[in-house]
file model.pdb (PDB, C-alpha atoms)
MODEL        1
ATOM      1  CA  MET A   1       0.000   0.000   0.000
ATOM      2  CA  LYS A   2       2.760   2.433   0.931
ATOM      3  CA  TYR A   3       4.494   1.786  -2.410
ATOM      4  CA  PHE A   4       1.299   2.803  -4.197
ATOM      5  CA  LEU A   5       0.724   5.868  -1.997
ATOM      6  CA  LEU A   6       4.153   7.415  -2.539
ATOM      7  CA  PRO A   7       3.839   7.841  -6.351
ATOM      8  CA  CYS A   8       0.346   9.294  -5.845
ATOM      9  CA  LEU A   9       1.668  11.866  -3.399
ATOM     10  CA  ILE A  10       4.472  12.778  -5.789
ATOM     11  CA  ILE A  11       1.995  13.200  -8.670
ATOM     12  CA  LEU A  12      -0.293  15.319  -6.466
ATOM     13  CA  TYR A  13       2.626  17.514  -5.387
ATOM     14  CA  LEU A  14       3.766  18.019  -8.979
ATOM     15  CA  PHE A  15       0.213  18.848 -10.052
ATOM     16  CA  LEU A  16      -0.218  21.465  -7.333
ATOM     17  CA  ALA A  17       3.217  22.956  -7.974
ATOM     18  CA  THR A  18       2.549  23.146 -11.716
ATOM     19  CA  SER A  19      -0.905  24.634 -11.170
ATOM     20  CA  CYS A  20       0.500  27.270  -8.824
ATOM     21  CA  SER A  21       3.287  28.108 -11.287
ATOM     22  CA  GLU A  22       0.861  28.375 -14.204
ATOM     23  CA  ASP A  23      -1.440  30.689 -12.246
ATOM     24  CA  ARG A  24       1.471  32.926 -11.306
ATOM     25  CA  ASP A  25       2.792  32.933 -14.881
ATOM     26  CA  THR A  26      -0.664  33.907 -16.152
ATOM     27  CA  LEU A  27      -0.740  36.846 -13.764
ATOM     28  CA  SER A  28       2.812  37.952 -14.568
ATOM     29  CA  ARG A  29       2.124  40.508 -17.262
ATOM     30  CA  SER A  30       1.203  44.151 -17.752
ATOM     31  CA  TRP A  31      -2.349  45.189 -16.874
ATOM     32  CA  ARG A  32      -4.517  48.264 -17.160
ATOM     33  CA  ILE A  33      -7.548  48.908 -14.953
ATOM     34  CA  MET A  34     -10.452  49.489 -17.325
ATOM     35  CA  LYS A  35     -13.429  49.610 -14.961
ATOM     36  CA  VAL A  36     -13.990  50.417 -11.297
ATOM     37  CA  GLU A  37     -17.169  49.571  -9.385
ATOM     38  CA  MET A  38     -18.037  50.157  -5.745
ATOM     39  CA  LYS A  39     -18.996  47.029  -3.824
ATOM     40  CA  GLU A  40     -19.090  47.243  -0.037
ATOM     41  CA  ILE A  41     -18.157  50.784   0.923
ATOM     42  CA  GLU A  42     -18.490  52.399   4.325
ATOM     43  CA  LEU A  43     -17.350  55.772   5.589
ATOM     44  CA  LYS A  44     -15.075  55.813   8.597
ATOM     45  CA  HIS A  45     -15.404  59.321  10.024
ATOM     46  CA  ASN A  46     -12.290  61.182  11.015
ATOM     47  CA  GLY A  47     -13.842  63.327  13.699
ATOM     48  CA  ARG A  48     -16.451  64.994  11.466
ATOM     49  CA  LYS A  49     -20.143  64.225  11.664
ATOM     50  CA  ASP A  50     -21.342  66.445   8.810
ATOM     51  CA  VAL A  51     -19.847  64.385   5.983
ATOM     52  CA  GLN A  52     -22.139  61.836   4.362
ATOM     53  CA  LEU A  53     -21.078  59.021   2.068
ATOM     54  CA  ASN A  54     -23.503  60.111  -0.666
ATOM     55  CA  ASN A  55     -22.021  63.613  -0.733
ATOM     56  CA  LEU A  56     -18.460  62.522  -1.471
ATOM     57  CA  ASN A  57     -18.919  61.197  -5.036
ATOM     58  CA  ILE A  58     -17.059  58.035  -4.057
ATOM     59  CA  GLN A  59     -17.413  56.428  -7.494
ATOM     60  CA  GLY A  60     -15.936  59.451  -9.234
ATOM     61  CA  ARG A  61     -13.064  59.630  -6.794
ATOM     62  CA  LEU A  62     -12.319  55.917  -7.097
ATOM     63  CA  ASP A  63     -12.305  56.308 -10.894
ATOM     64  CA  SER A  64      -9.832  59.187 -10.618
ATOM     65  CA  ILE A  65      -7.501  57.029  -8.506
ATOM     66  CA  PHE A  66      -7.713  53.607 -10.130
ATOM     67  CA  LYS A  67      -9.157  53.823 -13.641
ATOM     68  CA  ASN A  68      -6.475  53.683 -16.365
ATOM     69  CA  THR A  69      -3.867  52.809 -13.761
ATOM     70  CA  HIS A  70      -1.186  50.433 -15.078
ATOM     71  CA  ILE A  71       0.045  47.487 -13.026
ATOM     72  CA  ARG A  72       2.980  45.287 -13.995
ATOM     73  CA  LEU A  73       3.399  41.973 -12.159
ATOM     74  CA  TYR A  74       6.849  40.478 -12.694
ATOM     75  CA  GLU A  75       7.619  36.761 -12.491
ATOM     76  CA  ARG A  76      10.468  37.474 -10.076
ATOM     77  CA  GLY A  77       7.930  38.709  -7.505
ATOM     78  CA  GLU A  78       8.155  42.470  -7.952
ATOM     79  CA  TYR A  79       5.314  44.726  -9.028
ATOM     80  CA  ALA A  80       5.088  48.261 -10.365
ATOM     81  CA  ILE A  81       2.036  50.525 -10.308
ATOM     82  CA  LEU A  82       1.746  53.699 -12.341
ATOM     83  CA  PHE A  83      -1.401  55.488 -11.232
ATOM     84  CA  GLN A  84      -3.204  57.553 -13.842
ATOM     85  CA  GLY A  85      -2.151  60.714 -12.019
ATOM     86  CA  GLY A  86       1.493  59.755 -12.510
ATOM     87  CA  ASP A  87       2.391  58.461  -9.035
ATOM     88  CA  TYR A  88       4.598  55.368  -9.071
ATOM     89  CA  VAL A  89       4.854  52.538  -6.521
ATOM     90  CA  SER A  90       6.973  49.390  -6.584
ATOM     91  CA  LYS A  91       7.570  46.527  -4.164
ATOM     92  CA  ASN A  92       6.831  42.778  -3.953
ATOM     93  CA  TRP A  93       3.703  40.748  -4.695
ATOM     94  CA  LEU A  94       2.511  37.397  -3.400
ATOM     95  CA  TYR A  95      -0.002  34.917  -4.774
ATOM     96  CA  ASP A  96      -1.992  32.297  -2.869
ATOM     97  CA  TYR A  97      -3.232  29.797  -5.448
ATOM     98  CA  LYS A  98      -5.679  28.219  -2.959
ATOM     99  CA  THR A  99      -7.598  31.439  -2.357
ATOM    100  CA  GLU A 100      -6.578  33.058  -5.689
ATOM    101  CA  GLN A 101      -5.542  36.085  -3.683
ATOM    102  CA  ILE A 102      -2.918  38.550  -4.892
ATOM    103  CA  THR A 103      -1.201  40.682  -2.265
ATOM    104  CA  LEU A 104       0.641  43.808  -3.352
ATOM    105  CA  VAL A 105       2.931  44.336  -0.388
ATOM    106  CA  GLY A 106       3.100  47.945   0.756
ATOM    107  CA  HIS A 107       5.875  49.885   2.442
ATOM    108  CA  THR A 108       3.600  49.816   5.499
ATOM    109  CA  PRO A 109       0.646  47.501   6.316
ATOM    110  CA  MET A 110      -1.720  50.420   5.671
ATOM    111  CA  GLN A 111      -0.469  50.645   2.071
ATOM    112  CA  GLU A 112      -1.037  46.971   1.265
ATOM    113  CA  TYR A 113      -3.452  46.050  -1.538
ATOM    114  CA  VAL A 114      -5.236  42.697  -1.416
ATOM    115  CA  LEU A 115      -6.838  41.505  -4.670
ATOM    116  CA  LYS A 116      -8.989  38.398  -4.968
ATOM    117  CA  LYS A 117      -9.401  37.007  -8.465
ATOM    118  CA  ILE A 118     -13.106  36.591  -9.257
ATOM    119  CA  ASP A 119     -13.034  35.702 -12.948
ATOM    120  CA  SER A 120     -10.603  35.793 -15.852
ATOM    121  CA  GLY A 121     -10.172  35.252 -19.580
ATOM    122  CA  LYS A 122      -7.318  35.144 -22.053
ATOM    123  CA  ASP A 123      -6.412  38.823 -21.688
ATOM    124  CA  TRP A 124      -8.607  40.114 -18.869
ATOM    125  CA  MET A 125      -9.182  39.551 -15.179
ATOM    126  CA  GLN A 126     -11.807  40.698 -12.706
ATOM    127  CA  VAL A 127     -10.639  41.146  -9.133
ATOM    128  CA  GLU A 128     -12.095  42.333  -5.866
ATOM    129  CA  LEU A 129      -9.902  44.866  -4.103
ATOM    130  CA  THR A 130      -9.960  45.177  -0.341
ATOM    131  CA  LEU A 131      -9.060  48.801   0.277
ATOM    132  CA  PRO A 132      -6.002  49.401   2.465
ATOM    133  CA  ARG A 133      -6.640  50.516   6.007
ATOM    134  CA  ASP A 134      -7.093  54.269   6.399
ATOM    135  CA  PHE A 135      -7.668  54.711   2.665
ATOM    136  CA  SER A 136      -8.426  58.403   2.140
ATOM    137  CA  ILE A 137     -10.107  59.562  -1.052
ATOM    138  CA  THR A 138      -9.968  63.306  -0.636
ATOM    139  CA  ALA A 139      -7.738  65.918   0.943
ATOM    140  CA  GLU A 140     -10.657  68.309   1.334
ATOM    141  CA  PHE A 141     -12.506  65.849   3.560
ATOM    142  CA  PRO A 142      -9.857  63.550   5.043
ATOM    143  CA  GLU A 143     -12.389  60.837   5.757
ATOM    144  CA  PHE A 144     -11.400  57.215   5.399
ATOM    145  CA  ILE A 145     -13.434  54.676   3.489
ATOM    146  CA  ILE A 146     -13.346  50.963   4.114
ATOM    147  CA  GLY A 147     -14.681  48.146   2.019
ATOM    148  CA  LYS A 148     -14.225  46.468  -1.343
ATOM    149  CA  VAL A 149     -14.062  47.580  -4.965
ATOM    150  CA  SER A 150     -14.442  45.541  -8.160
ATOM    151  CA  LEU A 151     -11.715  46.151 -10.755
ATOM    152  CA  LEU A 152     -11.619  44.952 -14.356
ATOM    153  CA  PHE A 153      -8.051  44.382 -15.573
ATOM    154  CA  SER A 154      -7.157  44.179 -19.255
ATOM    155  CA  GLU A 155      -3.768  43.179 -20.630
ATOM    156  CA  ASP A 156      -2.044  46.307 -21.877
ATOM    157  CA  HIS A 157       1.479  47.034 -23.120
ATOM    158  CA  LYS A 158       1.353  50.803 -23.439
ATOM    159  CA  TYR A 159       4.710  51.224 -21.691
ATOM    160  CA  GLU A 160       6.450  48.242 -23.265
ATOM    161  CA  GLU A 161       8.043  47.779 -26.661
ATOM    162  CA  GLY A 162      10.702  45.203 -27.476
ATOM    163  CA  GLU A 163      13.297  45.237 -24.695
ATOM    164  CA  THR A 164      11.995  48.518 -23.280
ATOM    165  CA  ASP A 165       9.798  48.413 -20.180
ATOM    166  CA  LEU A 166       9.172  51.844 -18.675
ATOM    167  CA  LEU A 167       7.502  50.376 -15.581
ATOM    168  CA  GLU A 168      10.621  48.386 -14.657
ATOM    169  CA  PRO A 169      11.612  49.364 -11.083
ATOM    170  CA  HIS A 170      15.291  49.946 -11.862
ATOM    171  CA  ARG A 171      14.287  52.525 -14.502
ATOM    172  CA  ASN A 172      12.209  54.402 -11.938
ATOM    173  CA  GLU A 173      14.544  54.642  -8.963
ATOM    174  CA  TRP A 174      14.843  58.389  -9.559
ATOM    175  CA  ARG A 175      11.163  58.710  -8.579
ATOM    176  CA  ILE A 176      11.692  57.274  -5.092
ATOM    177  CA  LYS A 177      12.071  59.877  -2.356
ATOM    178  CA  PRO A 178      15.422  59.458  -0.523
ATOM    179  CA  LEU A 179      15.480  58.813   3.214
ATOM    180  CA  LYS A 180      18.228  61.371   3.790
ATOM    181  CA  LYS A 181      19.577  64.559   2.290
ATOM    182  CA  ALA A 182      21.409  64.006  -0.985
ATOM    183  CA  SER A 183      24.882  65.082  -2.040
ATOM    184  CA  LYS A 184      25.368  66.924  -5.328
ATOM    185  CA  GLU A 185      26.754  63.705  -6.787
ATOM    186  CA  ASP A 186      23.593  61.841  -5.744
ATOM    187  CA  ILE A 187      21.436  64.538  -7.323
ATOM    188  CA  ARG A 188      23.521  64.509 -10.499
ATOM    189  CA  LYS A 189      23.018  60.747 -10.848
ATOM    190  CA  ARG A 190      19.267  61.094 -10.276
ATOM    191  CA  LEU A 191      19.104  63.707 -13.016
ATOM    192  CA  VAL A 192      21.023  61.487 -15.439
ATOM    193  CA  ASP A 193      18.589  58.649 -14.699
ATOM    194  CA  HIS A 194      15.663  61.036 -15.100
ATOM    195  CA  LEU A 195      16.847  62.259 -18.502
ATOM    196  CA  SER A 196      17.598  58.684 -19.584
ATOM    197  CA  TYR A 197      14.016  57.757 -18.734
ATOM    198  CA  ILE A 198      12.675  60.610 -20.864
ATOM    199  CA  LEU A 199      14.865  59.524 -23.785
ATOM    200  CA  ASP A 200      13.675  55.924 -23.397
ATOM    201  CA  TYR A 201      10.086  57.164 -23.405
ATOM    202  CA  PHE A 202      10.595  59.158 -26.586
ATOM    203  CA  GLN A 203      12.229  56.123 -28.205
ATOM    204  CA  LEU A 204       9.236  53.990 -27.216
ATOM    205  CA  ILE A 205       6.881  56.564 -28.733
ATOM    206  CA  GLU A 206       8.772  56.466 -32.014
ATOM    207  CA  ASP A 207       8.876  52.659 -32.003
ATOM    208  CA  LYS A 208       5.112  52.559 -31.450
ATOM    209  CA  GLN A 209       4.616  55.352 -34.005
ATOM    210  CA  GLN A 210       2.549  57.378 -31.550
ATOM    211  CA  SER A 211       1.687  60.947 -32.453
ATOM    212  CA  TYR A 212       1.443  62.178 -28.842
ATOM    213  CA  PHE A 213       3.157  61.906 -25.474
ATOM    214  CA  ASP A 214       2.006  62.325 -21.878
ATOM    215  CA  THR A 215       4.127  64.662 -19.748
ATOM    216  CA  ARG A 216       2.481  63.357 -16.543
ATOM    217  CA  LEU A 217       4.432  60.129 -16.926
ATOM    218  CA  LEU A 218       7.712  62.046 -17.002
ATOM    219  CA  GLN A 219       7.163  63.746 -13.625
ATOM    220  CA  SER A 220       9.607  66.402 -14.793
ATOM    221  CA  PRO A 221      10.295  70.136 -14.411
ATOM    222  CA  LEU A 222      11.144  70.287 -18.117
ATOM    223  CA  LYS A 223       8.739  72.445 -20.101
ATOM    224  CA  PHE A 224       8.048  71.326 -23.662
ATOM    225  CA  TYR A 225       7.252  74.023 -26.213
ATOM    226  CA  SER A 226       6.818  74.134 -29.968
ATOM    227  CA  HIS A 227      10.459  74.157 -31.113
ATOM    228  CA  GLY A 228      11.692  74.839 -27.610
ATOM    229  CA  LEU A 229      12.563  73.338 -24.245
ATOM    230  CA  GLY A 230      12.752  74.982 -20.836
ATOM    231  CA  VAL A 231      13.087  74.282 -17.112
ATOM    232  CA  ALA A 232      10.514  75.415 -14.561
ATOM    233  CA  SER A 233      11.688  78.181 -12.241
ATOM    234  CA  SER A 234      12.727  77.326  -8.688
ATOM    235  CA  SER A 235       9.618  79.108  -7.394
ATOM    236  CA  ASN A 236       7.299  77.149  -9.683
ATOM    237  CA  LEU A 237       8.575  73.579  -9.530
ATOM    238  CA  PRO A 238       5.975  70.830 -10.053
ATOM    239  CA  GLU A 239       5.065  69.405  -6.657
ATOM    240  CA  ARG A 240       5.204  65.821  -7.909
ATOM    241  CA  TRP A 241       8.797  66.327  -9.056
ATOM    242  CA  SER A 242       9.857  68.141  -5.878
ATOM    243  CA  ASN A 243       8.429  65.247  -3.871
ATOM    244  CA  THR A 244      10.997  62.898  -5.410
ATOM    245  CA  PHE A 245      13.701  64.718  -3.420
ATOM    246  CA  TYR A 246      14.418  64.694   0.292
ATOM    247  CA  ASP A 247      13.485  68.353   0.688
ATOM    248  CA  GLN A 248      12.815  71.502  -1.317
ATOM    249  CA  GLU A 249      16.444  72.583  -1.041
ATOM    250  CA  ASP A 250      17.572  69.441  -2.880
ATOM    251  CA  ALA A 251      14.825  69.949  -5.477
ATOM    252  CA  ILE A 252      16.053  73.503  -6.145
ATOM    253  CA  THR A 253      19.649  72.276  -6.403
ATOM    254  CA  ALA A 254      18.493  69.771  -9.022
ATOM    255  CA  GLN A 255      16.560  72.490 -10.863
ATOM    256  CA  LYS A 256      19.677  74.655 -11.082
ATOM    257  CA  MET A 257      21.755  71.729 -12.345
ATOM    258  CA  LEU A 258      19.156  71.006 -15.028
ATOM    259  CA  GLY A 259      19.160  74.682 -16.002
ATOM    260  CA  ASP A 260      22.956  74.653 -16.347
ATOM    261  CA  ALA A 261      22.736  71.499 -18.460
ATOM    262  CA  LEU A 262      20.149  73.116 -20.734
ATOM    263  CA  ASP A 263      22.245  76.284 -21.082
ATOM    264  CA  SER A 264      25.189  74.152 -22.207
ATOM    265  CA  THR A 265      23.353  72.785 -25.252
ATOM    266  CA  GLY A 266      23.773  75.874 -27.447
ATOM    267  CA  ASP A 267      21.432  76.725 -30.307
ATOM    268  CA  TYR A 268      18.165  74.848 -30.440
ATOM    269  CA  PRO A 269      18.324  72.087 -33.085
ATOM    270  CA  LYS A 270      15.944  71.463 -35.940
ATOM    271  CA  GLY A 271      14.205  68.151 -36.504
ATOM    272  CA  LYS A 272      11.408  66.517 -38.442
ATOM    273  CA  THR A 273       9.298  66.318 -35.271
ATOM    274  CA  PHE A 274       9.162  68.058 -31.903
ATOM    275  CA  ILE A 275      10.232  64.818 -30.222
ATOM    276  CA  GLU A 276      13.303  64.541 -32.433
ATOM    277  CA  GLU A 277      14.290  68.067 -31.387
ATOM    278  CA  TYR A 278      13.644  67.351 -27.705
ATOM    279  CA  ARG A 279      15.767  64.214 -27.892
ATOM    280  CA  LYS A 280      18.727  66.056 -29.395
ATOM    281  CA  VAL A 281      18.661  68.646 -26.610
ATOM    282  CA  ILE A 282      18.128  66.145 -23.784
ATOM    283  CA  GLU A 283      20.941  63.926 -25.057
ATOM    284  CA  LYS A 284      23.278  66.934 -24.801
ATOM    285  CA  MET A 285      21.956  67.714 -21.318
ATOM    286  CA  ARG A 286      22.604  64.154 -20.185
ATOM    287  CA  LEU A 287      26.105  64.214 -21.649
ATOM    288  CA  TYR A 288      26.822  67.465 -19.791
ATOM    289  CA  LEU A 289      25.699  65.938 -16.483
ATOM    290  CA  GLU A 290      27.625  62.709 -17.086
ATOM    291  CA  ASN A 291      30.937  64.556 -17.534
TER
ENDMDL
END
call {"tool": "encode", "arguments": {"input": "model.pdb", "output": "structure tokens"}}
result
Amino acid sequence: MKYFLLPCLIILYLFLATSCSEDRDTLSRSWRIMKVEMKEIELKHNGRKDVQLNNLNIQGRLDSIFKNTHIRLYERGEYAILFQGGDYVSKNWLYDYKTEQITLVGHTPMQEYVLKKIDSGKDWMQVELTLPRDFSITAEFPEFIIGKVSLLFSEDHKYEEGETDLLEPHRNEWRIKPLKKASKEDIRKRLVDHLSYILDYFQLIEDKQQSYFDTRLLQSPLKFYSHGLGVASSSNLPERWSNTFYDQEDAITAQKMLGDALDSTGDYPKGKTFIEEYRKVIEKMRLYLEN
């Protein structure tokens, strides 16, 4: 009997291991959130009694946060999220094949996203999202909502082309706010990485033959004009770019270094397209900062 049982256990183990691997491989791709629906939503008051759930336009606010957000799940266990507003998050993800639950590990427990797969097809997946604890939907009324949201994922490769993957964490390290004040050398390297990202994005646009580009993705103080390129003034830096630095002083230092790099490029070049002109200037800026 024991000789018969052992092969059965081995077969069962291999089946479960293969099933788990296949599920994870199926999930490991690039997704875009196409639809957001409220499920079980409750308002957790933050000391105010005059705010009602119906008055907060929860559906609209959830759409503004999640709809058109891109999520990349990597086989190696990392994930990257690019929210439609341009914010970027990356850490590790876990999958429980028994419960079909995906956990996007946060930097704190309150930032953790738990997704339960409800249904799926060849290139789509419906999941139920349990909102992180203390999930706030508005700065005007800092009330927290708790509950679950239905999300429809569709496979999408907007930020991928060939070997280029703009969601890849190592390409986005310049977005991550440092834990301590940076040296000028640290800032210089961040700027080189930032400009390299912009150049990669423009290359992807050309490879995809797109006729437009989205400056929100770039999270940059660069100002793109018709046949011109500029840098935002130190008193008017984009908040989302300043937030990638330890403090405002470091952000202003970076702004000045970018300005010096732009000044070094000389006469503005001519090109067949605006993007071709931008690329020529930014390549010179990067070279200036690298030397």
call {"tool": "atom_distance", "arguments": {"input": "model.pdb", "atom1": "CA of Gln248 (chain A)", "atom2": "CA of Arg175 (chain A)"}}
result
14.8 Å
call {"tool": "closest_residue", "arguments": {"input": "model.pdb", "among": "A:Lys158, A:Lys148, A:Lys280, A:Lys35", "to": "Gln209 (chain A)", "atoms": "all atoms listed in the file"}}
result
A:Lys158
call {"tool": "resolve_selection", "arguments": {"input": "model.pdb", "expression": "the PyMOL selection byres ((chain A and resi 260) around 12)", "output": "VMD selection string"}}
result
chain A and resid 188 230 to 231 253 to 259 261 to 266 284 to 286 288 to 289
call {"tool": "axis_aligned_box", "arguments": {"input": "model.pdb", "around": "region 118-123 of chain A", "padding_each_side": "6 Å", "output": "AutoDock Vina command-line options"}}
result
--center_x -9.8 --center_y 37.0 --center_z -15.7 --size_x 18.7 --size_y 15.7 --size_z 24.8
call {"tool": "resolve_selection", "arguments": {"input": "model.pdb", "expression": "the PyMOL selection byres ((chain A and resi 160) around 12)", "output": "list in words"}}
result
Arg29, Ser30, Trp31, His70, Arg72, Glu155, Asp156, His157, Lys158, Tyr159, Glu161, Gly162, Glu163, Thr164, Asp165, Leu166, Leu167, Glu168, Asp200, Tyr201, Gln203, Leu204, Ile205, Asp207 and Lys208 of chain A
call {"tool": "atom_distance", "arguments": {"input": "model.pdb", "atom1": "CA of Leu179 (chain A)", "atom2": "CA of Tyr74 (chain A)"}}
result
25.8 Å
call {"tool": "resolve_selection", "arguments": {"input": "model.pdb", "expression": "the PyMOL selection byres ((chain A and resi 39) around 9)", "output": "compact mmCIF listing (two decimals) with C-alpha atoms, keeping the file's coordinate frame"}}
result
# COMPACT_ATOMS: atom_id res chain seq x y z
CA GLU A 37 -17.17 49.57 -9.38
CA MET A 38 -18.04 50.16 -5.74
CA GLU A 40 -19.09 47.24 -0.04
CA ILE A 41 -18.16 50.78 0.92
CA GLU A 128 -12.10 42.33 -5.87
CA GLY A 147 -14.68 48.15 2.02
CA LYS A 148 -14.22 46.47 -1.34
CA VAL A 149 -14.06 47.58 -4.96
CA SER A 150 -14.44 45.54 -8.16
call {"tool": "atom_distance", "arguments": {"input": "model.pdb", "atom1": "CA of Gln219 (chain A)", "atom2": "CA of Trp124 (chain A)"}}
result
28.9 Å
call {"tool": "closest_residue", "arguments": {"input": "model.pdb", "among": "A:Leu94, A:Ile198, A:Val105, A:Leu151", "to": "Ser120 (chain A)", "atoms": "only C-alpha atoms"}}
result
A:Leu151
call {"tool": "closest_residue", "arguments": {"input": "model.pdb", "among": "A:Phe224, A:Tyr197, A:Phe153, A:Trp174", "to": "Asn243 (chain A)", "atoms": "only C-alpha atoms"}}
result
A:Trp174
call {"tool": "closest_atom_pairs", "arguments": {"input": "model.pdb", "of": "region 105-197 of chain A", "to": "region 232-241 of chain A", "cutoff": "12 Å", "atoms": "all atoms listed in the file", "output": "CSV"}}
result
residue,atom,partner,partner_atom,distance
A:Trp174,CA,A:Trp241,CA,10.0
A:Arg175,CA,A:Trp241,CA,8.0
A:Ile176,CA,A:Trp241,CA,10.3
A:Lys177,CA,A:Trp241,CA,9.9
A:Arg190,CA,A:Trp241,CA,11.8
A:Leu191,CA,A:Trp241,CA,11.3
A:His194,CA,A:Trp241,CA,10.6
call {"tool": "closest_residue", "arguments": {"input": "model.pdb", "among": "A:Asn291, A:Val127, A:Lys98, A:Ile275", "to": "Glu185 (chain A)", "atoms": "all atoms listed in the file"}}
result
A:Asn291
call {"tool": "residues_near_point", "arguments": {"input": "model.pdb", "point": "(3.5, 40.4, -1.9)", "cutoff": "12 Å", "atoms": "all atoms listed in the file", "output": "list in words"}}
result
Leu73, Tyr74, Glu75, Arg76, Gly77, Glu78, Tyr79, Ala80, Ser90, Lys91, Asn92, Trp93, Leu94, Tyr95, Asp96, Gln101, Ile102, Thr103, Leu104, Val105, Gly106, His107, Thr108, Pro109, Gln111, Glu112, Tyr113, Val114 and Leu115 of chain A
